[in-house]
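Engineer: Structure: input_34.txt, compact mmCIF, C-alpha atoms and all ligand atoms.
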```
# COMPACT_ATOMS: atom_id res chain seq x y z
CA MET A 85 0.00 0.00 0.00
CA LYS A 86 3.07 2.21 -0.10
CA ASN A 87 2.49 5.54 -1.91
CA LEU A 88 -1.27 5.09 -1.68
CA HIS A 89 -3.42 7.81 -0.20
CA ILE A 90 -6.44 7.37 2.05
CA PRO A 91 -9.21 9.64 3.33
CA ALA A 92 -8.68 10.96 6.86
CA VAL A 93 -10.01 13.78 9.01
CA CYS A 94 -7.22 16.27 9.80
CA VAL A 95 -6.93 19.15 12.25
CA HIS A 96 -4.41 21.87 11.31
CA ALA A 97 -5.39 24.48 13.95
CA TYR A 98 -7.28 24.40 17.25
CA GLY A 99 -10.85 25.66 17.04
CA GLY A 100 -14.44 24.76 16.24
CA PRO A 101 -15.84 21.81 14.30
CA GLU A 102 -14.90 23.55 11.00
CA GLN A 103 -11.29 22.58 11.82
CA LEU A 104 -12.14 18.94 11.04
CA GLN A 105 -11.10 18.70 7.40
CA LEU A 106 -11.48 15.60 5.29
CA GLN A 107 -8.41 15.14 3.10
CA GLU A 108 -6.18 12.55 1.48
CA VAL A 109 -3.09 11.47 3.45
CA PRO A 110 -0.44 8.84 2.77
CA VAL A 111 -1.34 5.45 4.17
CA PRO A 112 0.57 5.05 7.46
CA VAL A 113 3.37 2.47 7.55
CA PRO A 114 3.57 0.36 10.74
CA ALA A 115 6.87 0.13 12.66
CA GLU A 116 8.08 -3.32 13.70
CA ASP A 117 5.98 -3.33 16.91
CA GLN A 118 2.86 -1.94 15.21
CA VAL A 119 0.03 -3.12 13.00
CA LEU A 120 -1.97 -1.39 10.29
CA ILE A 121 -5.73 -1.76 10.52
CA LYS A 122 -8.57 -1.01 8.18
CA VAL A 123 -10.72 1.06 10.54
CA MET A 124 -14.29 -0.17 10.69
CA ALA A 125 -15.49 2.12 13.49
CA SER A 126 -14.00 4.80 15.71
CA GLY A 127 -15.21 5.71 19.18
CA VAL A 128 -16.09 9.41 19.54
CA ASN A 129 -15.04 10.63 22.99
CA PRO A 130 -15.23 13.99 24.81
CA ILE A 131 -11.41 14.10 24.64
CA ASP A 132 -11.66 14.34 20.82
CA TRP A 133 -13.37 17.76 20.88
CA LYS A 134 -11.46 18.88 23.99
CA ILE A 135 -8.19 18.42 22.04
CA ARG A 136 -9.64 20.03 18.90
CA GLU A 137 -10.67 23.09 20.92
CA GLY A 138 -7.13 23.38 22.36
CA PHE A 139 -8.27 22.56 25.89
CA MET A 140 -5.78 19.69 25.75
CA LYS A 141 -2.73 19.90 23.54
CA HIS A 142 -1.67 17.66 20.65
CA PRO A 143 1.07 18.43 18.10
CA LEU A 144 -0.47 19.91 14.93
CA PRO A 145 -1.51 18.78 12.42
CA TYR A 146 -3.08 15.57 13.64
CA ILE A 147 -5.78 13.02 12.87
CA PRO A 148 -8.30 12.83 15.78
CA GLY A 149 -9.51 9.69 17.51
CA VAL A 150 -8.11 7.52 20.29
CA GLU A 151 -9.86 4.17 19.86
CA ALA A 152 -11.16 1.98 17.06
CA SER A 153 -12.18 -1.44 15.86
CA GLY A 154 -11.04 -2.86 12.56
CA ILE A 155 -9.33 -5.56 10.54
CA ILE A 156 -5.57 -6.04 10.53
CA THR A 157 -4.03 -5.51 7.08
CA ALA A 158 -0.28 -5.49 7.91
CA VAL A 159 1.76 -6.67 10.88
CA GLY A 160 5.19 -5.43 12.04
CA GLU A 161 7.81 -8.17 12.33
CA SER A 162 8.12 -8.10 16.13
CA VAL A 163 4.36 -8.17 16.82
CA PHE A 164 3.39 -11.38 18.55
CA GLY A 165 0.02 -13.15 18.27
CA LYS A 166 -1.62 -10.94 15.61
CA LYS A 167 -2.11 -11.70 11.93
CA VAL A 168 -3.59 -10.15 8.82
CA GLY A 169 -7.37 -10.59 8.81
CA ASP A 170 -7.81 -10.53 12.60
CA GLU A 171 -10.80 -8.51 13.79
CA VAL A 172 -9.54 -6.31 16.63
CA TYR A 173 -10.29 -3.31 18.80
CA GLY A 174 -8.42 -1.10 21.24
CA SER A 175 -6.34 2.07 21.54
CA VAL A 176 -5.70 3.57 18.11
CA ASP A 177 -4.39 7.13 17.80
CA GLY A 178 -5.65 8.87 14.67
CA SER A 179 -8.68 6.61 14.27
CA TYR A 180 -10.74 9.11 12.20
CA ALA A 181 -9.29 7.59 9.01
CA THR A 182 -9.92 4.57 6.83
CA TYR A 183 -6.57 3.07 7.87
CA ALA A 184 -4.59 3.66 11.07
CA ILE A 185 -1.63 2.20 12.91
CA ALA A 186 -1.62 0.93 16.49
CA GLN A 187 0.79 -0.76 18.86
CA GLY A 188 0.34 -4.50 18.45
CA GLU A 189 -0.05 -4.98 22.23
CA SER A 190 -2.83 -2.34 22.41
CA LEU A 191 -5.18 -4.35 20.22
CA PHE A 192 -7.49 -7.13 21.40
CA ARG A 193 -9.38 -9.76 19.45
CA LYS A 194 -12.98 -8.68 18.88
CA PRO A 195 -15.41 -11.34 20.11
CA HIS A 196 -17.72 -12.59 17.30
CA GLU A 197 -20.89 -11.60 19.08
CA VAL A 198 -19.69 -8.03 19.61
CA SER A 199 -20.18 -5.67 16.66
CA PHE A 200 -17.44 -3.40 15.32
CA GLU A 201 -19.46 -0.39 16.54
CA GLU A 202 -19.71 -1.80 20.07
CA ALA A 203 -16.04 -2.83 20.21
CA ALA A 204 -14.93 0.68 19.19
CA THR A 205 -16.18 2.04 22.53
CA MET A 206 -14.21 -0.04 25.02
CA ALA A 207 -11.86 2.77 26.13
CA GLY A 208 -14.70 3.84 28.42
CA ALA A 209 -14.59 0.43 30.10
CA ARG A 210 -10.81 0.70 30.55
CA THR A 211 -11.21 4.14 32.16
CA ALA A 212 -13.92 2.82 34.48
CA TRP A 213 -11.84 -0.23 35.47
CA GLY A 214 -8.73 1.86 36.19
CA ALA A 215 -10.71 4.28 38.35
CA LEU A 216 -12.75 1.77 40.33
CA PHE A 217 -10.15 -0.91 40.96
CA ASP A 218 -6.61 0.35 40.26
CA VAL A 219 -7.14 3.72 41.96
CA GLY A 220 -10.28 3.25 44.08
CA GLY A 221 -9.60 -0.31 45.28
CA LEU A 222 -13.35 -1.07 45.15
CA VAL A 223 -14.24 -4.38 46.82
CA LYS A 224 -17.35 -6.48 47.36
CA GLY A 225 -19.87 -5.03 49.80
CA GLN A 226 -18.77 -1.39 49.46
CA ARG A 227 -21.29 1.31 48.61
CA ILE A 228 -20.47 3.40 45.55
CA LEU A 229 -22.14 6.37 43.87
CA ILE A 230 -21.46 6.56 40.12
CA HIS A 231 -22.34 9.87 38.48
CA ALA A 232 -23.80 9.74 34.96
CA GLY A 233 -24.62 6.04 35.14
CA ALA A 234 -25.94 6.16 31.56
CA GLY A 235 -22.87 7.93 30.13
CA GLY A 236 -20.03 6.58 28.02
CA VAL A 237 -17.82 5.83 31.05
CA GLY A 238 -20.61 5.59 33.63
CA HIS A 239 -22.56 2.77 31.96
CA PHE A 240 -19.40 0.61 32.06
CA ALA A 241 -18.66 1.64 35.66
CA VAL A 242 -22.11 0.54 36.82
CA GLN A 243 -21.64 -2.89 35.21
CA LEU A 244 -18.11 -3.33 36.62
CA ALA A 245 -19.06 -2.27 40.15
CA TYR A 246 -22.12 -4.54 40.11
CA ASN A 247 -20.01 -7.51 38.88
CA ALA A 248 -17.59 -6.85 41.74
CA GLY A 249 -20.40 -7.18 44.30
CA ALA A 250 -20.62 -3.51 45.27
CA TYR A 251 -23.89 -1.79 46.21
CA VAL A 252 -24.33 0.59 43.30
CA ILE A 253 -26.10 3.94 43.37
CA ALA A 254 -26.03 5.99 40.16
CA THR A 255 -27.29 9.35 38.91
CA ALA A 256 -29.20 9.65 35.62
CA SER A 257 -32.06 11.49 33.94
CA ALA A 258 -35.57 10.07 34.45
CA GLU A 259 -35.64 8.47 30.97
CA ASN A 260 -32.45 6.51 31.75
CA ILE A 261 -33.45 5.12 35.15
CA ASP A 262 -34.68 1.77 33.77
CA PHE A 263 -31.55 1.42 31.64
CA VAL A 264 -29.14 2.10 34.51
CA THR A 265 -31.12 -0.23 36.79
CA SER A 266 -30.79 -2.97 34.14
CA LEU A 267 -26.98 -2.53 34.27
CA GLY A 268 -26.91 -3.37 37.98
CA ALA A 269 -27.64 -0.20 39.97
CA SER A 270 -29.72 -0.80 43.11
CA GLU A 271 -30.70 2.88 43.34
CA VAL A 272 -30.85 5.36 40.47
CA ILE A 273 -31.19 9.02 41.44
CA ASP A 274 -32.84 11.44 39.03
CA TYR A 275 -30.32 14.28 39.39
CA ARG A 276 -32.63 16.74 37.63
CA GLU A 277 -35.50 16.12 40.04
CA ALA A 278 -33.66 17.15 43.26
CA PRO A 279 -30.02 17.46 44.41
CA PHE A 280 -28.54 13.96 44.60
CA GLU A 281 -27.19 14.73 48.11
CA THR A 282 -30.76 14.83 49.41
CA GLN A 283 -31.73 11.48 47.90
CA MET A 284 -29.21 9.01 49.35
CA ASP A 285 -27.31 7.67 52.36
CA PRO A 286 -23.49 7.97 52.58
CA VAL A 287 -21.20 5.86 50.41
CA ASP A 288 -17.61 4.61 50.60
CA ILE A 289 -16.69 5.78 47.10
CA VAL A 290 -17.98 8.34 44.59
CA PHE A 291 -16.92 8.06 40.95
CA ASP A 292 -17.35 11.50 39.38
CA THR A 293 -17.60 11.42 35.59
CA VAL A 294 -19.44 14.75 35.39
CA GLY A 295 -17.34 17.56 36.90
CA GLY A 296 -18.64 21.11 37.46
CA ASP A 297 -20.32 21.58 40.84
CA THR A 298 -21.02 17.83 41.00
CA THR A 299 -17.38 17.29 42.08
CA GLU A 300 -17.45 19.27 45.31
CA ARG A 301 -21.10 18.47 46.09
CA SER A 302 -20.04 14.82 46.08
CA LEU A 303 -17.85 15.35 49.18
CA ALA A 304 -21.06 15.62 51.23
CA VAL A 305 -22.24 12.08 50.43
CA LEU A 306 -19.00 10.32 51.42
CA ARG A 307 -18.69 8.61 54.76
CA PRO A 308 -15.68 9.80 56.87
CA GLU A 309 -12.44 8.80 55.09
CA GLY A 310 -14.38 7.80 51.98
CA THR A 311 -12.88 8.39 48.53
CA LEU A 312 -13.85 10.63 45.64
CA LEU A 313 -12.52 9.35 42.30
CA CYS A 314 -12.13 12.11 39.70
CA ILE A 315 -11.67 11.87 35.93
CA VAL A 316 -12.84 15.36 34.94
CA GLN A 317 -11.48 17.75 37.59
CA MET A 318 -10.21 17.73 41.18
CA PRO A 319 -12.02 19.45 44.08
CA ASP A 320 -10.50 22.19 46.23
CA PRO A 321 -8.02 20.43 48.59
CA GLY A 322 -9.19 22.53 51.56
CA LYS A 323 -12.76 21.30 51.13
CA VAL A 324 -11.54 17.70 50.91
CA THR A 325 -9.67 18.04 54.23
CA GLU A 326 -12.65 19.77 55.84
CA ALA A 327 -14.93 16.90 54.79
CA ASN A 328 -12.46 14.34 56.22
CA VAL A 329 -12.41 12.37 52.94
CA ASN A 330 -9.90 11.62 50.16
CA ALA A 331 -9.94 12.77 46.55
CA LEU A 332 -7.87 10.94 43.95
CA TRP A 333 -7.21 11.56 40.26
CA ALA A 334 -8.42 8.40 38.56
CA GLY A 335 -7.77 9.09 34.88
CA THR A 336 -5.27 6.26 34.50
CA LYS A 337 -4.89 4.40 31.21
CA THR A 338 -3.08 1.11 31.67
CA LEU A 339 -2.82 -1.86 29.37
CA THR A 340 -3.59 -4.07 32.38
CA SER A 341 -7.02 -2.51 32.81
CA MET A 342 -7.71 -3.08 29.11
CA HIS A 343 -6.79 -6.76 29.58
CA GLU A 344 -9.23 -6.96 32.50
CA VAL A 345 -12.17 -5.47 30.62
CA HIS A 346 -11.33 -7.56 27.55
CA LYS A 347 -11.70 -10.75 29.63
CA LEU A 348 -15.11 -9.56 30.86
CA LEU A 349 -16.19 -8.68 27.31
CA GLU A 350 -15.20 -12.14 26.08
CA LYS A 351 -17.22 -13.77 28.87
CA GLY A 352 -20.24 -11.57 28.14
CA LEU A 353 -20.03 -10.04 31.63
CA ILE A 354 -19.99 -6.47 30.35
CA ARG A 355 -21.72 -5.03 27.34
CA PRO A 356 -20.98 -1.81 25.48
CA TYR A 357 -24.03 0.29 24.57
CA VAL A 358 -23.93 2.52 21.52
CA ARG A 359 -25.94 5.72 21.85
CA LYS A 360 -25.68 6.89 18.25
CA VAL A 361 -23.77 5.89 15.12
CA PHE A 362 -22.63 8.53 12.61
CA HIS A 363 -22.00 7.01 9.19
CA SER A 364 -18.87 8.16 7.32
CA LEU A 365 -15.89 10.41 7.99
CA GLU A 366 -17.85 13.37 6.59
CA ALA A 367 -20.00 13.20 9.75
CA ALA A 368 -17.02 13.70 12.12
CA ALA A 369 -17.91 17.32 12.94
CA GLU A 370 -21.55 16.41 13.57
CA ALA A 371 -20.50 13.51 15.81
CA GLN A 372 -18.15 15.67 17.90
CA GLU A 373 -20.79 18.39 18.25
CA TYR A 374 -23.27 15.76 19.38
CA SER A 375 -20.78 14.60 22.03
CA ARG A 376 -20.01 18.18 23.09
CA SER A 377 -23.71 19.00 23.51
CA GLY A 378 -23.66 16.42 26.33
CA GLY A 379 -27.33 15.66 25.75
CA SER A 380 -29.11 12.77 27.37
CA GLY A 381 -28.08 9.42 26.11
CA ARG A 382 -27.20 5.84 26.84
CA GLY A 383 -23.66 4.70 26.20
CA LYS A 384 -21.20 5.85 23.60
CA ILE A 385 -21.03 7.64 20.26
CA VAL A 386 -19.47 5.95 17.24
CA LEU A 387 -18.22 7.02 13.81
CA LYS A 388 -18.75 4.14 11.37
CA ILE A 389 -15.95 4.47 8.84
CA SER A 390 -16.00 1.34 6.66
CA GLU A 391 -18.83 -1.01 5.81
CA GLU A 392 -18.44 -4.79 6.17
N1 LIG A 401 -9.37 11.59 32.61
C1 LIG A 401 -9.65 10.56 31.85
O1 LIG A 401 -8.86 9.64 31.65
C2 LIG A 401 -11.01 10.48 31.20
C3 LIG A 401 -11.36 9.34 30.44
C4 LIG A 401 -12.63 9.28 29.88
C5 LIG A 401 -13.52 10.34 30.05
N2 LIG A 401 -13.11 11.43 30.75
C6 LIG A 401 -14.05 12.56 30.95
O2 LIG A 401 -15.18 12.08 31.66
C7 LIG A 401 -16.34 12.80 31.26
C8 LIG A 401 -17.44 11.80 30.90
O3 LIG A 401 -17.10 11.13 29.70
P1 LIG A 401 -18.21 10.25 28.98
O4 LIG A 401 -17.61 9.68 27.74
O5 LIG A 401 -18.85 9.32 29.96
O6 LIG A 401 -19.25 11.41 28.60
P2 LIG A 401 -20.71 11.34 28.03
O7 LIG A 401 -21.09 9.95 27.66
O8 LIG A 401 -20.80 12.38 26.98
O9 LIG A 401 -21.61 11.80 29.27
C9 LIG A 401 -22.92 12.13 29.01
C10 LIG A 401 -23.76 11.69 30.19
O10 LIG A 401 -23.60 12.61 31.27
C11 LIG A 401 -24.80 12.59 32.03
N3 LIG A 401 -24.88 13.83 32.78
C12 LIG A 401 -24.77 15.09 32.31
N4 LIG A 401 -24.87 15.98 33.35
C13 LIG A 401 -25.03 15.24 34.48
C14 LIG A 401 -25.18 15.56 35.86
N5 LIG A 401 -25.18 16.83 36.28
N6 LIG A 401 -25.30 14.55 36.75
C15 LIG A 401 -25.29 13.27 36.33
N7 LIG A 401 -25.17 12.89 35.04
C16 LIG A 401 -25.03 13.88 34.13
C17 LIG A 401 -25.90 12.38 31.03
O11 LIG A 401 -26.81 11.53 31.67
P3 LIG A 401 -28.39 11.51 31.34
O12 LIG A 401 -28.48 11.26 29.86
O13 LIG A 401 -28.91 10.36 32.15
O14 LIG A 401 -28.89 12.86 31.75
C18 LIG A 401 -25.22 11.66 29.84
O15 LIG A 401 -25.60 10.30 29.78
C19 LIG A 401 -15.90 13.73 30.12
O16 LIG A 401 -15.64 15.02 30.64
C20 LIG A 401 -14.59 13.12 29.64
O17 LIG A 401 -13.72 14.04 29.04
C21 LIG A 401 -11.90 11.52 31.34
```
Taking this structure as input, can you express it in the form of structure tokens?
Structural biologist:
Amino acid sequence: MKNLHIPAVCVHAYGGPEQLQLQEVPVPVPAEDQVLIKVMASGVNPIDWKIREGFMKHPLPYIPGVEASGIITAVGESVFGKKVGDEVYGSVDGSYATYAIAQGESLFRKPHEVSFEEAATMAGARTAWGALFDVGGLVKGQRILIHAGAGGVGHFAVQLAYNAGAYVIATASAENIDFVTSLGASEVIDYREAPFETQMDPVDIVFDTVGGDTTERSLAVLRPEGTLLCIVQMPDPGKVTEANVNALWAGTKTLTSMHEVHKLLEKGLIRPYVRKVFHSLEAAAEAQEYSRSGGSGRGKIVLKISEE
């Protein structure tokens, strides 16, 4: 495929959705520890538009996207256990393109019964695993509040905490209460109806996937020495001390957590939910704007890039 060009979405300057430009780029060539995949679907995450807006930095120009599912088309010589034709998913930088390269070890075999769209969303499960278990040390019998139980990260967190034997309380809009209950939450609080603090008893852990005033309001629902896990922002340290609790940054991204959620996916113990699929690279701006609007939804947003 050397010298061939492929369609990709490129960002040359930070800014609004108009910065997402569809253009032809040379097909990437994998290094010896990398593989080339034909991208079937790319997850669309809040980090995609946060980087595009310059809120988080990335060298320019770049192709957006951090995760994908696809089919391997070339394998570097030192990659072990992967071959051309394998259907895979995992961390893929620059996934808003018809072909992309990834580290061989960052890709996992897609189970047959999981669609390419579903598999392209598993970074949310990895984030949830890292926060709950690697950072939070969640164990059976603990009480946990998960904010945005219907969200891209939250819907995985509810399933993981339930599987671990925790007592799960989650926040969601009224229309998502049945959905979040079906994932394993014992109590689902309609956060629009009344402040969540007034609708629950104290918990050992809060997992905050929302940010804003939700972060510091969460200190009030922790039992003494309980733990607030943060992936959006940290609370004021003085308020944490005053509340006699802990607050930890939980935005870790380890390969080990991806292995853990992959095992659960293979066993059918967690399921990704796709909120909305945008068909084609031309829809990248629309998909990011949909994510940025933060509207009600269940699960994750996906850009379908190639048809089977
Ligand atoms: N640091 C890291 O490593 C890391 C990794 C992944 C994500 N993140 C961050 O985590 C955040 C969540 O990501 P995501 O992919 O889960 O986002 P998302 O799917 O876009 O979240 C949308 C959900 O948020 C819920 N929501 C909105 N306002 C709420 C509130 N006040 N209380 C409770 N729920 C509320 C909505 O629930 P309803 O529809 O039920 O209203 C909706 O389902 C983003 O800011 C993202 O950048 C950080």
Engineer: Using all atoms listed in the file, tabulate the residues of chain A lying at most 7 Å from any atom of ligand LIG 401 (chain A), each with its closest atom pair and that distance in Å to one decimal, by chain and increasing residue number, as CSV.
Structural biologist:
```
residue,atom,partner,partner_atom,distance
A:Asn129,CA,A:LIG401,O4,5.5
A:Pro130,CA,A:LIG401,O17,4.5
A:Ile131,CA,A:LIG401,O17,5.0
A:Gly208,CA,A:LIG401,C4,6.0
A:Thr211,CA,A:LIG401,C3,5.5
A:His231,CA,A:LIG401,C15,5.0
A:Ala232,CA,A:LIG401,N7,3.4
A:Gly233,CA,A:LIG401,O13,6.8
A:Ala234,CA,A:LIG401,O15,4.5
A:Gly235,CA,A:LIG401,O15,3.6
A:Gly236,CA,A:LIG401,O7,3.6
A:Val237,CA,A:LIG401,O5,3.8
A:Gly238,CA,A:LIG401,O5,5.5
A:Thr255,CA,A:LIG401,C15,5.1
A:Ala256,CA,A:LIG401,O13,3.6
A:Ser257,CA,A:LIG401,O13,3.8
A:Asn260,CA,A:LIG401,O13,5.2
A:Tyr275,CA,A:LIG401,N6,5.7
A:Thr293,CA,A:LIG401,O2,4.7
A:Val294,CA,A:LIG401,C7,5.5
A:Gly295,CA,A:LIG401,O16,7.0
A:Thr298,CA,A:LIG401,N5,6.4
A:Ile315,CA,A:LIG401,N1,4.0
A:Val316,CA,A:LIG401,C6,5.0
A:Ala334,CA,A:LIG401,N1,6.8
A:Gly335,CA,A:LIG401,O1,3.5
A:Thr336,CA,A:LIG401,O1,5.7
A:Lys337,CA,A:LIG401,O1,6.6
A:Ser375,CA,A:LIG401,O8,5.4
A:Gly378,CA,A:LIG401,O8,5.0
A:Gly379,CA,A:LIG401,C18,6.1
A:Ser380,CA,A:LIG401,O12,3.0
A:Gly381,CA,A:LIG401,O12,4.2
A:Arg382,CA,A:LIG401,O15,5.6
A:Gly383,CA,A:LIG401,O7,6.0
A:Lys384,CA,A:LIG401,O7,5.8
```
Engineer: Neighbours of Asp132 (chain A) within 8 Å (all atoms listed in the file; same-chain residues fewer than 5 positions away dropped), as number ranges by chain?
Structural biologist: A: 148-150, 372
Engineer: Identify which of the residues A:Ala258, A:Ala209, A:Ile253, A:Leu244 lies closest to His343 (chain A), counting all atoms listed in the file when measuring atom-to-atom distances.
Structural biologist: A:Ala209
Engineer: So, with all atoms listed in the file as the atoms that count, which of A:Cys314, A:Ala248, A:Met206, A:Leu365 lies closest to Leu349 (chain A)?
Structural biologist: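 Closest residue, counting all atoms listed in the file: A:Met206.
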Engineer: I want to know what sits within 9 Å of Gly188 (chain A), based on all atoms listed in the file, with residues of the same chain fewer than 5 positions away left out; could you give that as a list in words?
Structural biologist: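 What passes the distance filter is Asp117, Gln118, Val119, Val159, Gly160, Ser162, Val163, Phe164, Gly165 and Lys166 of chain A.
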Engineer: With all atoms listed in the file as the basis for distance, which of A:Phe139, A:Ser377, A:Val223, A:Asp262 is at the shortest distance from Asp274 (chain A)?
Structural biologist: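 Between A:Phe139, A:Ser377, A:Val223, A:Asp262, the residue approaching Asp274 (chain A) most closely is A:Asp262.
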Engineer: Counting all atoms listed in the file, which residue out of A:Leu106, A:Ala115, A:Val242, A:Ile261 sits closest to Ala92 (chain A)?
Structural biologist: A:Leu106
Engineer: Please report the interatomic distance between CA of Tyr374 (chain A) and CA of Pro145 (chain A) in Å with one decimal.
Structural biologist: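 For CA of Tyr374 (chain A) relative to CA of Pro145 (chain A), the distance reads 23.0 Å.
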